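Data block for protein.cif (mmCIF, C-alpha atoms and all ligand atoms):
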data_protein
#
loop_
_atom_site.label_atom_id
_atom_site.label_comp_id
_atom_site.auth_asym_id
_atom_site.auth_seq_id
_atom_site.Cartn_x
_atom_site.Cartn_y
_atom_site.Cartn_z
CA MET A 119 -80.36 -0.07 23.83
CA THR A 120 -79.77 3.58 23.07
CA ARG A 121 -77.92 5.50 25.75
CA LEU A 122 -78.12 9.23 26.45
CA LEU A 123 -74.67 10.11 25.14
CA ASP A 124 -74.26 7.59 22.33
CA GLY A 125 -72.21 9.12 19.52
CA LYS A 126 -70.80 11.95 21.66
CA LEU A 127 -67.12 12.52 22.36
CA ALA A 128 -66.29 13.82 25.83
CA LEU A 129 -62.95 15.25 26.96
CA VAL A 130 -62.51 15.14 30.74
CA THR A 131 -59.37 16.81 32.03
CA GLY A 132 -57.84 15.31 35.16
CA GLY A 133 -59.73 12.05 34.74
CA THR A 134 -57.26 9.78 36.53
CA ARG A 135 -58.72 10.04 40.02
CA GLY A 136 -61.21 11.76 42.26
CA ILE A 137 -64.07 13.72 40.76
CA GLY A 138 -62.73 13.60 37.20
CA HIS A 139 -62.46 9.80 37.28
CA ALA A 140 -66.09 9.53 38.45
CA ILE A 141 -67.25 11.96 35.74
CA ALA A 142 -65.41 10.02 33.03
CA ALA A 143 -66.89 6.72 34.30
CA ARG A 144 -70.40 8.16 34.29
CA LEU A 145 -70.11 9.64 30.80
CA LEU A 146 -68.80 6.27 29.56
CA ALA A 147 -71.79 4.54 31.17
CA GLU A 148 -74.07 6.98 29.33
CA GLY A 149 -72.52 5.86 26.04
CA ALA A 150 -70.00 8.63 25.30
CA ARG A 151 -66.54 7.99 23.96
CA VAL A 152 -64.33 9.52 26.65
CA VAL A 153 -60.81 10.94 26.47
CA VAL A 154 -59.23 11.74 29.84
CA THR A 155 -56.04 13.57 30.69
CA GLY A 156 -53.49 13.33 33.48
CA THR A 157 -49.99 14.59 34.09
CA ARG A 158 -48.18 11.27 34.12
CA GLU A 159 -46.91 9.18 31.22
CA GLY A 160 -48.77 5.88 31.30
CA GLY A 161 -51.54 7.18 33.53
CA ARG A 162 -55.08 5.94 33.09
CA GLY A 163 -58.70 6.86 33.51
CA PRO A 164 -61.61 4.48 34.05
CA GLU A 165 -61.89 1.26 32.02
CA GLY A 166 -62.90 2.07 28.46
CA SER A 167 -61.53 5.64 28.40
CA GLU A 168 -58.63 6.84 26.27
CA TYR A 169 -55.74 8.53 28.04
CA ARG A 170 -53.64 11.57 27.04
CA THR A 171 -50.74 13.06 28.98
CA ALA A 172 -50.69 16.83 29.47
CA ASP A 173 -49.29 18.93 32.30
CA PHE A 174 -51.26 22.17 32.13
CA ALA A 175 -48.76 23.87 34.45
CA GLN A 176 -46.35 23.83 31.48
CA PRO A 177 -47.56 26.52 29.05
CA CYS A 178 -46.03 24.80 25.99
CA ALA A 179 -47.58 21.44 26.90
CA LEU A 180 -50.95 23.09 27.46
CA ARG A 181 -50.86 24.86 24.09
CA ALA A 182 -49.81 21.68 22.30
CA PHE A 183 -52.62 19.75 23.98
CA ALA A 184 -55.17 22.45 23.11
CA ASP A 185 -54.09 22.19 19.46
CA ASP A 186 -54.61 18.41 19.60
CA ALA A 187 -57.99 18.83 21.31
CA ALA A 188 -59.15 21.10 18.48
CA ALA A 189 -58.83 18.18 16.09
CA LEU A 190 -60.58 15.59 18.28
CA GLY A 191 -64.18 16.62 17.54
CA VAL A 192 -65.13 17.18 21.18
CA ASP A 193 -68.88 17.46 21.89
CA ILE A 194 -68.60 17.65 25.69
CA LEU A 195 -65.70 19.39 27.42
CA VAL A 196 -65.38 18.87 31.16
CA ASN A 197 -62.71 21.16 32.60
CA ASN A 198 -62.06 19.25 35.78
CA ALA A 199 -58.29 19.29 36.34
CA GLY A 200 -57.48 21.65 39.17
CA ILE A 201 -54.87 22.30 41.82
CA ASN A 202 -54.93 24.10 45.13
CA LYS A 203 -52.42 25.40 47.61
CA ILE A 204 -53.70 26.84 50.85
CA ALA A 205 -51.61 29.63 52.35
CA PRO A 206 -52.02 32.90 54.29
CA PHE A 207 -52.36 35.79 51.84
CA ALA A 208 -48.98 37.35 52.66
CA GLU A 209 -47.27 33.99 52.22
CA ILE A 210 -48.70 33.00 48.83
CA ASP A 211 -45.70 32.40 46.60
CA PRO A 212 -46.33 34.41 43.38
CA ALA A 213 -45.08 31.42 41.38
CA ASP A 214 -47.70 29.20 43.06
CA PHE A 215 -50.35 31.86 42.44
CA LEU A 216 -49.56 31.90 38.71
CA LYS A 217 -49.43 28.10 38.50
CA ILE A 218 -52.87 27.82 40.10
CA GLN A 219 -54.29 30.33 37.59
CA GLN A 220 -52.52 28.52 34.73
CA VAL A 221 -54.00 25.10 35.56
CA ASN A 222 -57.40 26.22 36.90
CA VAL A 223 -58.21 29.16 34.58
CA THR A 224 -55.90 29.33 31.54
CA ALA A 225 -56.38 25.64 30.72
CA PRO A 226 -60.21 25.83 30.71
CA PHE A 227 -59.93 29.05 28.64
CA LEU A 228 -57.63 27.57 25.98
CA LEU A 229 -59.46 24.24 25.83
CA ALA A 230 -62.85 25.91 25.46
CA ARG A 231 -61.43 28.05 22.64
CA ALA A 232 -59.98 24.96 20.99
CA VAL A 233 -63.19 22.90 20.96
CA LEU A 234 -65.70 25.70 20.30
CA PRO A 235 -65.36 26.02 16.51
CA GLY A 236 -66.25 22.34 16.10
CA MET A 237 -69.17 22.60 18.53
CA VAL A 238 -70.51 25.69 16.78
CA ALA A 239 -70.14 24.04 13.36
CA ARG A 240 -72.10 20.98 14.60
CA GLY A 241 -74.67 23.22 16.37
CA TRP A 242 -74.31 21.34 19.66
CA GLY A 243 -71.86 21.42 22.53
CA ARG A 244 -71.55 21.32 26.30
CA ILE A 245 -68.79 22.96 28.31
CA ILE A 246 -68.76 22.20 32.01
CA THR A 247 -66.09 23.59 34.29
CA ILE A 248 -65.62 22.22 37.79
CA ALA A 249 -65.21 25.22 40.07
CA SER A 250 -65.76 24.94 43.85
CA ILE A 251 -67.77 26.42 46.70
CA TRP A 252 -64.73 28.70 46.94
CA SER A 253 -65.99 30.29 43.69
CA VAL A 254 -69.05 31.69 45.51
CA ILE A 255 -67.78 32.16 49.06
CA SER A 256 -64.25 32.27 50.41
CA LYS A 257 -62.30 32.01 53.61
CA ALA A 258 -58.83 32.62 54.99
CA ARG A 259 -55.91 31.08 53.09
CA ARG A 260 -57.89 30.55 49.88
CA GLY A 261 -56.56 33.70 48.08
CA ALA A 262 -54.99 31.92 45.11
CA TYR A 263 -57.64 29.21 44.79
CA SER A 264 -60.63 31.56 45.08
CA ALA A 265 -59.05 33.96 42.57
CA ALA A 266 -59.03 31.08 40.10
CA LYS A 267 -62.43 29.62 40.92
CA PHE A 268 -64.27 32.97 40.91
CA ALA A 269 -62.53 33.61 37.57
CA VAL A 270 -63.88 30.50 35.84
CA ASP A 271 -67.39 31.42 36.97
CA GLY A 272 -67.11 34.84 35.31
CA MET A 273 -65.48 33.41 32.22
CA THR A 274 -68.24 30.80 31.89
CA ALA A 275 -70.99 33.43 32.18
CA ALA A 276 -69.42 35.48 29.36
CA LEU A 277 -68.83 32.40 27.21
CA ALA A 278 -72.40 31.16 27.70
CA ALA A 279 -73.77 34.50 26.55
CA GLU A 280 -71.73 34.32 23.36
CA VAL A 281 -72.39 30.76 22.28
CA ALA A 282 -75.94 29.95 23.43
CA SER A 283 -77.43 30.82 20.04
CA SER A 284 -75.06 28.26 18.45
CA GLY A 285 -76.39 25.39 20.55
CA VAL A 286 -73.49 25.41 23.01
CA LEU A 287 -74.36 25.49 26.71
CA ALA A 288 -71.68 26.38 29.26
CA ASN A 289 -71.93 25.99 33.03
CA CYS A 290 -69.85 25.64 36.16
CA VAL A 291 -70.41 22.94 38.76
CA SER A 292 -69.17 23.87 42.21
CA PRO A 293 -68.66 21.01 44.64
CA GLY A 294 -68.40 21.45 48.39
CA PHE A 295 -66.48 18.91 50.48
CA ILE A 296 -66.11 15.75 48.43
CA ASP A 297 -64.75 12.47 49.77
CA THR A 298 -61.77 11.72 47.54
CA GLU A 299 -58.47 10.00 48.28
CA LEU A 300 -56.81 13.39 48.22
CA THR A 301 -59.30 14.88 50.69
CA ARG A 302 -58.69 11.96 53.07
CA THR A 303 -54.92 12.35 52.80
CA VAL A 304 -54.92 16.13 53.17
CA LEU A 305 -57.55 16.51 55.90
CA GLY A 306 -57.44 13.27 57.85
CA GLU A 307 -60.38 11.59 59.58
CA ALA A 308 -60.78 14.01 62.52
CA ALA A 309 -60.91 17.17 60.37
CA MET A 310 -63.30 15.46 57.96
CA GLN A 311 -65.70 14.64 60.79
CA ASP A 312 -65.51 18.21 62.05
CA LEU A 313 -66.29 19.61 58.58
CA ALA A 314 -69.04 17.07 57.91
CA ALA A 315 -70.82 18.30 61.06
CA GLN A 316 -71.02 21.78 59.44
CA VAL A 317 -72.80 20.44 56.33
CA PRO A 318 -76.61 20.32 56.55
CA LEU A 319 -76.59 16.84 55.02
CA GLY A 320 -74.12 15.79 57.71
CA ARG A 321 -71.57 14.20 55.39
CA PHE A 322 -69.12 14.80 52.56
CA GLY A 323 -70.35 14.40 49.00
CA ARG A 324 -69.30 11.50 46.79
CA PRO A 325 -67.56 12.00 43.43
CA GLU A 326 -70.41 10.01 41.83
CA GLU A 327 -72.93 12.61 43.04
CA VAL A 328 -71.00 15.36 41.24
CA ALA A 329 -70.69 13.12 38.19
CA ALA A 330 -74.47 12.61 38.04
CA LEU A 331 -75.01 16.39 37.89
CA VAL A 332 -72.36 16.79 35.20
CA ALA A 333 -73.92 13.98 33.15
CA TRP A 334 -77.31 15.67 33.32
CA LEU A 335 -75.86 19.04 32.26
CA ALA A 336 -74.06 17.31 29.38
CA GLY A 337 -77.04 15.28 28.27
CA PRO A 338 -80.04 15.81 26.02
CA GLU A 339 -82.39 16.71 28.89
CA ASN A 340 -80.46 19.92 29.43
CA THR A 341 -81.84 22.23 26.78
CA TYR A 342 -82.19 25.52 28.69
CA LEU A 343 -79.64 25.68 31.51
CA SER A 344 -76.60 27.79 30.64
CA GLY A 345 -74.36 30.44 32.18
CA GLN A 346 -74.91 29.10 35.70
CA ASN A 347 -72.65 28.11 38.55
CA ILE A 348 -74.40 25.21 40.24
CA VAL A 349 -73.32 24.52 43.80
CA ILE A 350 -73.45 20.90 44.98
CA ASP A 351 -72.45 21.02 48.64
CA GLY A 352 -75.10 19.37 50.82
CA GLY A 353 -76.41 22.85 51.66
CA PHE A 354 -73.13 24.13 53.18
CA THR A 355 -73.04 27.55 51.50
CA ARG A 356 -76.69 28.30 52.40
CA VAL A 357 -76.37 28.11 56.19
P1 LIG A 401 -57.53 15.30 42.41
O1 LIG A 401 -58.01 14.05 43.06
O2 LIG A 401 -56.36 16.00 43.00
O3 LIG A 401 -57.26 14.99 40.85
C1 LIG A 401 -56.81 16.03 40.06
C2 LIG A 401 -56.76 15.60 38.61
O4 LIG A 401 -56.21 16.69 37.89
C3 LIG A 401 -55.87 14.39 38.37
O5 LIG A 401 -56.39 13.62 37.33
C4 LIG A 401 -54.54 15.03 37.98
O6 LIG A 401 -53.77 14.25 37.11
C5 LIG A 401 -55.00 16.28 37.27
N1 LIG A 401 -53.99 17.32 37.40
C6 LIG A 401 -53.32 17.69 38.52
N2 LIG A 401 -52.41 18.63 38.23
C7 LIG A 401 -52.51 18.86 36.90
C8 LIG A 401 -51.81 19.67 35.99
N3 LIG A 401 -50.77 20.44 36.38
N4 LIG A 401 -52.14 19.63 34.69
C9 LIG A 401 -53.14 18.82 34.26
N5 LIG A 401 -53.83 18.01 35.07
C10 LIG A 401 -53.52 18.02 36.37
O7 LIG A 401 -58.69 16.40 42.30
P2 LIG A 401 -60.22 16.39 42.80
O8 LIG A 401 -60.19 16.60 44.27
O9 LIG A 401 -60.96 15.26 42.23
O10 LIG A 401 -60.71 17.76 42.14
C11 LIG A 401 -61.15 17.85 40.79
C12 LIG A 401 -61.69 19.25 40.56
O11 LIG A 401 -62.72 19.53 41.49
C13 LIG A 401 -60.65 20.36 40.73
O12 LIG A 401 -60.89 21.39 39.79
C14 LIG A 401 -60.92 20.86 42.14
O13 LIG A 401 -60.51 22.20 42.30
C15 LIG A 401 -62.42 20.70 42.22
N6 LIG A 401 -62.96 20.55 43.57
C16 LIG A 401 -62.62 19.48 44.37
C17 LIG A 401 -63.21 19.35 45.63
C18 LIG A 401 -62.89 18.19 46.56
O14 LIG A 401 -63.39 18.18 47.71
N7 LIG A 401 -62.12 17.20 46.16
C19 LIG A 401 -64.12 20.31 46.07
C20 LIG A 401 -64.44 21.38 45.22
C21 LIG A 401 -63.86 21.47 43.97
P3 LIG A 401 -52.66 13.18 37.66
O15 LIG A 401 -53.47 12.10 38.32
O16 LIG A 401 -51.97 12.71 36.48
O17 LIG A 401 -51.81 13.93 38.62
#
This structure in structure tokens:
Amino acid sequence: MTRLLDGKLALVTGGTRGIGHAIAARLLAEGARVVVTGTREGGRGPEGSEYRTADFAQPCALRAFADDAAALGVDILVNNAGINKIAPFAEIDPADFLKIQQVNVTAPFLLARAVLPGMVARGWGRIITIASIWSVISKARRGAYSAAKFAVDGMTAALAAEVASSGVLANCVSPGFIDTELTRTVLGEAAMQDLAAQVPLGRFGRPEEVAALVAWLAGPENTYLSGQNIVIDGGFTRV
């Protein structure tokens, strides 16, 4: 049976857990060969994926990985790896600010640059960057994170304009509150219930729901959607 992404190579950064893991699993199920990254030696993505170690917070490691990625023949790049540190504006450590930009903005920038020549040469490519609702709205203590997430939206719009005529479509996907292990650990049950009550759908999203959207954007049915920042948040940012 032919599957939607047979013959495609997908690179999913941060594919060891959470949203990235679900995206990698979904792209595998659609028939893609999937390479995932994580920061730890010996880490792993979903069954059937290939694993590469790269800590994007280390500029040399990021550049070396981008050079490797250029040679992989990537058809679908999913810039998912991201970090966050919540702090009052006056207390944001400049080193943390730069690290958040390095992982959340510089890595997607360098990886997109690395894979683009191959995509353009083949006349087909998909670049999907996982932003956040904090790329379209913000709130207190999100100064560093929103700076990064608004940035990838702008970068994606410019990139999409440049490469659309070469068959490369670039979009952001912006999740709201997603039920991951990390979310559970950071927020705890009580805060999660409180937040869920503020979402029109009345619950957190599941990583698989984000993955389904990414798979559609990456797949052959998407022929005309580019340069967008698609919010998947159960309606949260519209109320
Ligand atoms: P997560 O569970 O914390 O997983 C993060 C992934 O990124 C892991 O695979 C991790 O690798 C990798 N990573 C962490 N630091 C890295 C670094 N310095 N260099 C390279 N890779 C690194 O994250 P998540 O919650 O699924 O979030 C995934 C993306 O969605 C992020 O861009 C995040 O901003 C965005 N997002 C998440 C939510 C949410 O509710 N969870 C909502 C909106 C947007 P290791 O496992 O090896 O550490």
Nearby residues (all atoms listed in the file) at most 12 Å from Gly261 of chain A, same-chain spacing under 5 positions excluded, as a ChimeraX atom specification: /A:202-212,214-216,218-219,252-253,255-256,266-268
Test item: residues no farther than 6 Å from ligand LIG 401 (chain A), counting only C-alpha atoms and all ligand atoms, as an MDAnalysis selection string: chainID A and resid 132:138 156:158 172:175 198:201 221 248:250 293:296 298 300:301
Leu145 of chain A surroundings by all atoms listed in the file, 8 Å radius, close-in-sequence under 5 positions cut, as a ChimeraX atom specification: /A:123,128,150-152,333
Contact residues around Ala188 of chain A with only C-alpha atoms at 7 Å, ignoring same-chain residues under 4 positions, as a PyMOL selection string: chain A and resi 184+232-233
Go ahead and write the residues just picked, C-alpha atoms, as a short mmCIF file (atom, residue, chain, number, x, y, z; two decimals), in the frame of the given file.
data_model
loop_
_atom_site.label_atom_id
_atom_site.label_comp_id
_atom_site.auth_asym_id
_atom_site.auth_seq_id
_atom_site.Cartn_x
_atom_site.Cartn_y
_atom_site.Cartn_z
CA ALA A 184 -55.17 22.45 23.11
CA ALA A 232 -59.98 24.96 20.99
CA VAL A 233 -63.19 22.90 20.96
#
Given all atoms listed in the file as the counted atoms, nearest of A:Tyr169, A:Trp242, A:Phe183, A:Phe354 to Pro226 of chain A: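 Counting all atoms listed in the file, the residue closest to Pro226 of chain A is A:Phe183.
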Test item: residues at most 8 Å from Leu129 of chain A, all atoms listed in the file, excluding those fewer than 6 positions along its chain, as a ChimeraX atom specification: /A:152-154,192,194-196
For Leu234 of chain A, the nearest of the candidates A:Ser284, A:Ser264, A:Thr303, A:Thr274, counting all atoms listed in the file: A:Ser284
Atom CA of Pro338 of chain A to atom CA of Pro325 of chain A, distance in Å rounded to a single decimal: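 Computing it gives 21.8 Å between the two atoms.
Taking atom CA of Leu122 of chain A as the reference point, atom CA of Pro164 of chain A is found at 18.8 Å.
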Straight-line distance linking atom CA of Glu307 of chain A with atom CA of Ile141 of chain A, stated in Å to one decimal: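 Calculated distance between atom CA of Glu307 of chain A and atom CA of Ile141 of chain A is 24.8 Å.
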Pick from A:Ile348, A:Ala182, A:Leu287, A:Leu305 nearest to Gly241 of chain A, counting only C-alpha atoms: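 Closest to Gly241 of chain A, using only C-alpha atoms: A:Leu287.
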Nearby residues (all atoms listed in the file) at most 12 Å from Arg321 of chain A, same-chain spacing under 6 positions excluded, as number ranges by chain: A: 294-297, 310-315, 351-354
Closest of A:Thr131, A:Gln346, A:Thr355, A:Asn340 to Ala225 of chain A - atom-to-atom distances counting only C-alpha atoms: A:Thr131
How big is the axis-aligned box, and where does its centre sit, when it encloses all atoms of segment 283-301 of chain A listed in the file and has 4 Å added on every side, reported in Å to one decimal as lines of an AutoDock Vina configuration file?
center_x = -67.1
center_y = 20.4
center_z = 34.6
size_x = 28.6
size_y = 28.8
size_z = 40.2
